[in-house]
Amino acid sequence: MSASRPSWFQRLLLPGFAFKAVVIGGGYATGRELAEFFLPSGPWGGLAGMLLATVIWSGVCVATFLFARAFGALDYRTFFKHLLGRFAPIFEGAYVVNLVLVLAVFGAAAGALGEAIFHWPRLYGTLYLAAGIALFTMFGNTSVERLFKWVSIFLYVTYGVFLVLSLMKFGDRVPASFASAAPSDGWIVAGVTYAGYNIVGAVIILPVVRHLTSNADAVKAGLLAGPLAMLPAIIFFVCMCAFYPQIKSETLPADFMLAQMGLPVFHVIFQLMIFAALLECGTGFVHAINERIGSAYRQQRGTELPSTARLLIAGVVLLGSMFLAERFGLVTLIARGYRALSYIILTVFVIPLLTYGIWSLWKGRRVVATA
């Protein structure tokens with residue numbers, strides 16, 4: 001850690017920006033996940049489900065950051081060594097499968113975006129995404145954190161403009177949608193499921209825990225992480241409700257709404273924002289692998305993992321995920337695979353953390369604080 005005290009941004013906002021980075025992905029940014037999980041409960045039920053997911057995210061992030069500080073865990077390998085002991089490899093296996101599925105989907109999505117925006121062959125968009133992820137992960141924490149910062153600013157500004165334009169173009173339809181007698185049942189299940197579906201992000205971003213200087217920082221950063229990650233989704237969901245219920249059947253709700261605006265330039269900007277979201281999310285996943293290997297390398301050799309090794313690891317992971325996944329049929333398992341993995345993550349991460357992990361913190365067990 002730097003000899004100077006970390007800034008308030010690094011201590012309080014960066015963890016939330018990083019968590020948002022690994023949560024957002026392509027499904028969140030295009031509105032598809034929001035339509036699938038929350039629209040079935042109607043405008044008010046969907047909003048309640050999103051707020052419940054936000055609370056769960058914040059609670060798990062607080063517990064994760066506190067546990068990570070107590071045991072000096074700045075990567076998921078060290079974290080689960082203390083949380084699960086000899087059962088830690090279970091999470092490792094689940095994470096690798098999740099990584100392959102996520103990057104396979106991101107590669108396909110980047111190819112489709114490149115084709116839509118620049119009329120490239122689909123392979124080009126996939127290659128640009130892979131090259132971007134490899135480049136940012138090559139230079140370690142500082143490079144990755146800068147990406148999280150600037151993409152977050154771009155993303156929040158884009159969603160802010162999207163909100164303003166939506167209110168200008170079809171804002172009168174939003175109050176009518178919320179006033180309708182739509183069914184709101186199922187919002188609790190939707191909120192819990194969606195939270196579990198994405199909560200692995202709390203351990204992926206462990207490298208940023210090094211900036212926290214106290215347990216108070218960990219609590220504040222954790223509490224902010226949920227709202228910072230969900231705010232763009234809530235903005236998008238409220239705008240989506242202008243076209244409820246027909247928008248539930250749209251494959252890409254974002255494209256549908258942008259078409260209603262009739263603003264081609266902003267449409268391209270929004271698609272570029274989605275690409276940036278894929279870039280920061282993919283970078284977060286691959287960086288977690290680098291930091292896990294880097295921790296073991298540091299313990300064995302006493303030096304930092306070289307940049308060339310980081311680049312090589314990223315290249316192998318990206319090539320294996322983006323280009324081999326389809327060949328072996330993994331992409332066809334996405335719909336069922338994600339949900340199955342979310343149950344595994346809940347079992348090996350959330351439940352142990354909120355039971356044994358909190359008990360350990362209450363008893364004052366620790367190895368070394370990261371302050």
# chains A, B, ... in the order shown; residues from 1 in each chain; ligands from 1
>>> residues_around(residues="region 264-271 of chain A", least_positions_apart="5", cutoff="10 Å", atoms="only C-alpha atoms", output="CSV table (one decimal) with C-alpha atoms, in the first residue's frame")
chain,number,residue,atom,x,y,z
A,29,ALA,CA,-26.6,-2.6,-19.1
A,30,THR,CA,-29.0,-3.7,-21.9
A,110,ALA,CA,-18.8,-7.3,-27.9
A,113,LEU,CA,-21.8,-4.4,-30.6
A,114,GLY,CA,-18.9,-4.0,-33.0
A,116,ALA,CA,-24.0,-2.9,-34.9
A,117,ILE,CA,-21.9,0.2,-34.4
A,118,PHE,CA,-19.0,-0.1,-36.9
A,154,PHE,CA,-18.9,7.6,-18.3
A,155,LEU,CA,-21.6,5.2,-17.2
A,158,THR,CA,-24.7,8.3,-19.8
A,159,TYR,CA,-27.5,6.9,-17.6
A,161,VAL,CA,-28.6,11.7,-19.9
A,162,PHE,CA,-30.7,8.6,-20.6
A,165,LEU,CA,-34.1,12.1,-22.5
A,254,ALA,CA,-32.3,-0.6,-24.2
A,255,ASP,CA,-32.4,-0.8,-28.0
A,257,MET,CA,-36.2,2.5,-25.8
A,258,LEU,CA,-33.4,4.2,-27.7
A,259,ALA,CA,-35.3,3.5,-30.9
A,276,ALA,CA,-17.2,-0.1,-21.7
A,277,ALA,CA,-19.3,-1.9,-19.1
>>> select_by_dssp(residues="region 110-264 of chain A", states="alpha helix (DSSP H)", output="VMD selection string")
chain A and resid 110 to 118 122 to 138 140 to 170 173 to 179 187 to 198 201 to 204 215 to 240 253 to 261 264
>>> write_last_selection(atoms="C-alpha atoms", output="short mmCIF file (atom, residue, chain, number, x, y, z; two decimals), in the first residue's frame")
data_model
loop_
_atom_site.label_atom_id
_atom_site.label_comp_id
_atom_site.auth_asym_id
_atom_site.auth_seq_id
_atom_site.Cartn_x
_atom_site.Cartn_y
_atom_site.Cartn_z
CA ALA A 110 -18.78 -7.34 -27.87
CA GLY A 111 -18.81 -8.94 -31.30
CA ALA A 112 -22.46 -8.01 -31.76
CA LEU A 113 -21.79 -4.41 -30.63
CA GLY A 114 -18.87 -4.04 -33.04
CA GLU A 115 -21.08 -5.29 -35.84
CA ALA A 116 -23.95 -2.94 -34.90
CA ILE A 117 -21.87 0.22 -34.40
CA PHE A 118 -19.02 -0.10 -36.91
CA ARG A 122 -18.14 -10.17 -35.16
CA LEU A 123 -14.65 -11.48 -34.45
CA TYR A 124 -13.25 -7.92 -34.38
CA GLY A 125 -15.40 -6.75 -31.48
CA THR A 126 -14.48 -9.86 -29.49
CA LEU A 127 -10.78 -9.32 -30.17
CA TYR A 128 -10.93 -5.65 -29.15
CA LEU A 129 -12.62 -6.56 -25.89
CA ALA A 130 -10.05 -9.28 -25.18
CA ALA A 131 -7.18 -6.91 -25.99
CA GLY A 132 -8.62 -4.21 -23.71
CA ILE A 133 -9.05 -6.60 -20.79
CA ALA A 134 -5.52 -7.98 -21.24
CA LEU A 135 -4.04 -4.48 -21.42
CA PHE A 136 -5.69 -3.17 -18.25
CA THR A 137 -5.01 -6.31 -16.21
CA MET A 138 -1.38 -6.40 -17.34
CA GLY A 140 -2.15 -4.50 -12.01
CA ASN A 141 -4.25 -2.71 -9.42
CA THR A 142 -3.55 0.89 -10.37
CA SER A 143 -4.51 0.37 -14.01
CA VAL A 144 -7.65 -1.58 -13.11
CA GLU A 145 -8.76 0.99 -10.55
CA ARG A 146 -8.37 3.83 -13.05
CA LEU A 147 -10.53 1.90 -15.49
CA PHE A 148 -13.21 1.45 -12.81
CA LYS A 149 -13.11 5.17 -12.02
CA TRP A 150 -13.38 6.57 -15.55
CA VAL A 151 -15.80 4.00 -16.91
CA SER A 152 -18.00 4.62 -13.86
CA ILE A 153 -18.08 8.34 -14.59
CA PHE A 154 -18.91 7.64 -18.25
CA LEU A 155 -21.60 5.17 -17.23
CA TYR A 156 -23.29 7.38 -14.61
CA VAL A 157 -23.30 10.38 -16.97
CA THR A 158 -24.75 8.26 -19.78
CA TYR A 159 -27.51 6.91 -17.56
CA GLY A 160 -28.21 10.43 -16.30
CA VAL A 161 -28.62 11.69 -19.86
CA PHE A 162 -30.74 8.62 -20.64
CA LEU A 163 -33.06 9.53 -17.74
CA VAL A 164 -33.42 13.13 -18.89
CA LEU A 165 -34.10 12.15 -22.49
CA SER A 166 -36.57 9.46 -21.42
CA LEU A 167 -38.51 11.94 -19.30
CA MET A 168 -38.54 14.41 -22.17
CA LYS A 169 -39.65 11.88 -24.79
CA PHE A 170 -42.08 9.66 -22.90
CA ARG A 173 -46.19 7.50 -19.49
CA VAL A 174 -44.17 6.61 -16.37
CA PRO A 175 -46.64 7.86 -13.70
CA ALA A 176 -49.49 6.12 -15.50
CA SER A 177 -47.55 2.86 -15.45
CA PHE A 178 -46.89 3.10 -11.70
CA ALA A 179 -50.55 3.99 -11.11
CA TRP A 187 -40.66 -9.33 -5.67
CA ILE A 188 -39.00 -10.90 -2.61
CA VAL A 189 -37.89 -13.97 -4.55
CA ALA A 190 -36.77 -11.75 -7.44
CA GLY A 191 -34.71 -9.51 -5.15
CA VAL A 192 -33.02 -12.38 -3.31
CA THR A 193 -32.34 -14.32 -6.53
CA TYR A 194 -30.88 -11.32 -8.34
CA ALA A 195 -28.73 -10.40 -5.34
CA GLY A 196 -27.37 -13.95 -5.15
CA TYR A 197 -26.86 -14.02 -8.90
CA ASN A 198 -24.36 -11.16 -8.65
CA GLY A 201 -18.64 -9.45 -7.07
CA ALA A 202 -17.98 -8.72 -3.39
CA VAL A 203 -15.00 -11.10 -3.34
CA ILE A 204 -13.85 -10.35 -6.88
CA ASN A 215 -13.38 -0.98 10.09
CA ALA A 216 -15.42 2.21 9.86
CA ASP A 217 -14.18 2.61 6.29
CA ALA A 218 -15.20 -0.99 5.57
CA VAL A 219 -18.73 -0.39 6.88
CA LYS A 220 -19.18 2.88 5.00
CA ALA A 221 -17.75 1.53 1.74
CA GLY A 222 -19.89 -1.61 2.02
CA LEU A 223 -23.06 0.36 2.68
CA LEU A 224 -22.37 2.58 -0.34
CA ALA A 225 -21.53 -0.35 -2.64
CA GLY A 226 -25.12 -1.56 -2.97
CA PRO A 227 -26.65 1.80 -3.96
CA LEU A 228 -23.75 2.69 -6.27
CA ALA A 229 -24.19 -0.64 -8.10
CA MET A 230 -27.97 -0.47 -8.31
CA LEU A 231 -28.53 3.25 -9.06
CA PRO A 232 -28.14 2.94 -12.87
CA ALA A 233 -30.44 -0.09 -12.84
CA ILE A 234 -33.15 1.79 -10.92
CA ILE A 235 -32.91 4.71 -13.36
CA PHE A 236 -33.22 2.34 -16.29
CA PHE A 237 -36.05 0.35 -14.70
CA VAL A 238 -38.15 3.46 -14.02
CA CYS A 239 -37.71 4.52 -17.66
CA MET A 240 -38.57 1.00 -18.87
CA PRO A 253 -35.01 -3.29 -23.85
CA ALA A 254 -32.30 -0.64 -24.20
CA ASP A 255 -32.36 -0.81 -28.01
CA PHE A 256 -36.17 -0.68 -27.97
CA MET A 257 -36.22 2.46 -25.82
CA LEU A 258 -33.41 4.16 -27.74
CA ALA A 259 -35.34 3.53 -30.95
CA GLN A 260 -38.35 5.26 -29.40
CA MET A 261 -36.17 8.31 -28.70
CA PRO A 264 -29.03 7.95 -33.47
#
>>> closest_residue(among="A:Trp362, A:Tyr244, A:Phe285, A:Phe80", to="Glu92 (chain A)", atoms="only C-alpha atoms")
A:Phe80
>>> closest_residue(among="A:Leu13, A:Val317, A:Leu51, A:Val100", to="Val209 (chain A)", atoms="only C-alpha atoms")
A:Leu13
>>> residues_around(residues="Ile313 (chain A)", least_positions_apart="2", cutoff="10 Å", atoms="only C-alpha atoms", output="PyMOL selection string")
chain A and resi 134+137-138+286-287+289-290+293+307-311+315-319
>>> write_last_selection(atoms="C-alpha atoms", output="tab-separated table (two decimals), in the first residue's frame")
chain	number	residue	atom	x	y	z
A	134	ALA	CA	-5.52	-7.98	-21.24
A	137	THR	CA	-5.01	-6.31	-16.21
A	138	MET	CA	-1.38	-6.40	-17.34
A	286	VAL	CA	-9.69	-11.58	-14.93
A	287	HIS	CA	-7.88	-9.28	-12.49
A	289	ILE	CA	-7.50	-14.44	-11.19
A	290	ASN	CA	-4.24	-12.49	-11.55
A	293	ILE	CA	-2.04	-16.20	-8.64
A	307	SER	CA	3.49	-7.68	-15.86
A	308	THR	CA	4.40	-10.12	-18.63
A	309	ALA	CA	3.06	-13.00	-16.53
A	310	ARG	CA	-0.16	-11.06	-15.89
A	311	LEU	CA	-0.55	-10.50	-19.62
A	315	GLY	CA	-4.42	-14.07	-22.62
A	316	VAL	CA	-4.83	-17.72	-21.73
A	317	VAL	CA	-7.99	-17.08	-19.69
A	318	LEU	CA	-9.54	-14.89	-22.38
A	319	LEU	CA	-8.73	-17.21	-25.27
>>> closest_residue(among="A:Phe65, A:Pro15, A:Leu83, A:Lys20", to="Tyr356 (chain A)", atoms="only C-alpha atoms")
A:Leu83
>>> closest_residue(among="A:Ser7, A:Phe67, A:Phe17, A:Leu12", to="Trp359 (chain A)", atoms="only C-alpha atoms")
A:Phe67
>>> atom_distance(atom1="CA of Phe275 (chain A)", atom2="CA of Arg11 (chain A)")
27.0 Å
>>> closest_residue(among="A:Leu272, A:Leu353, A:Val97, A:Ala21", to="Ala340 (chain A)", atoms="only C-alpha atoms")
A:Val97
>>> atom_distance(atom1="CA of Ser180 (chain A)", atom2="CA of Ala242 (chain A)")
11.3 Å
>>> closest_residue(among="A:Ala296, A:Leu278, A:Leu354, A:Val348", to="Gly107 (chain A)", atoms="only C-alpha atoms")
A:Leu278
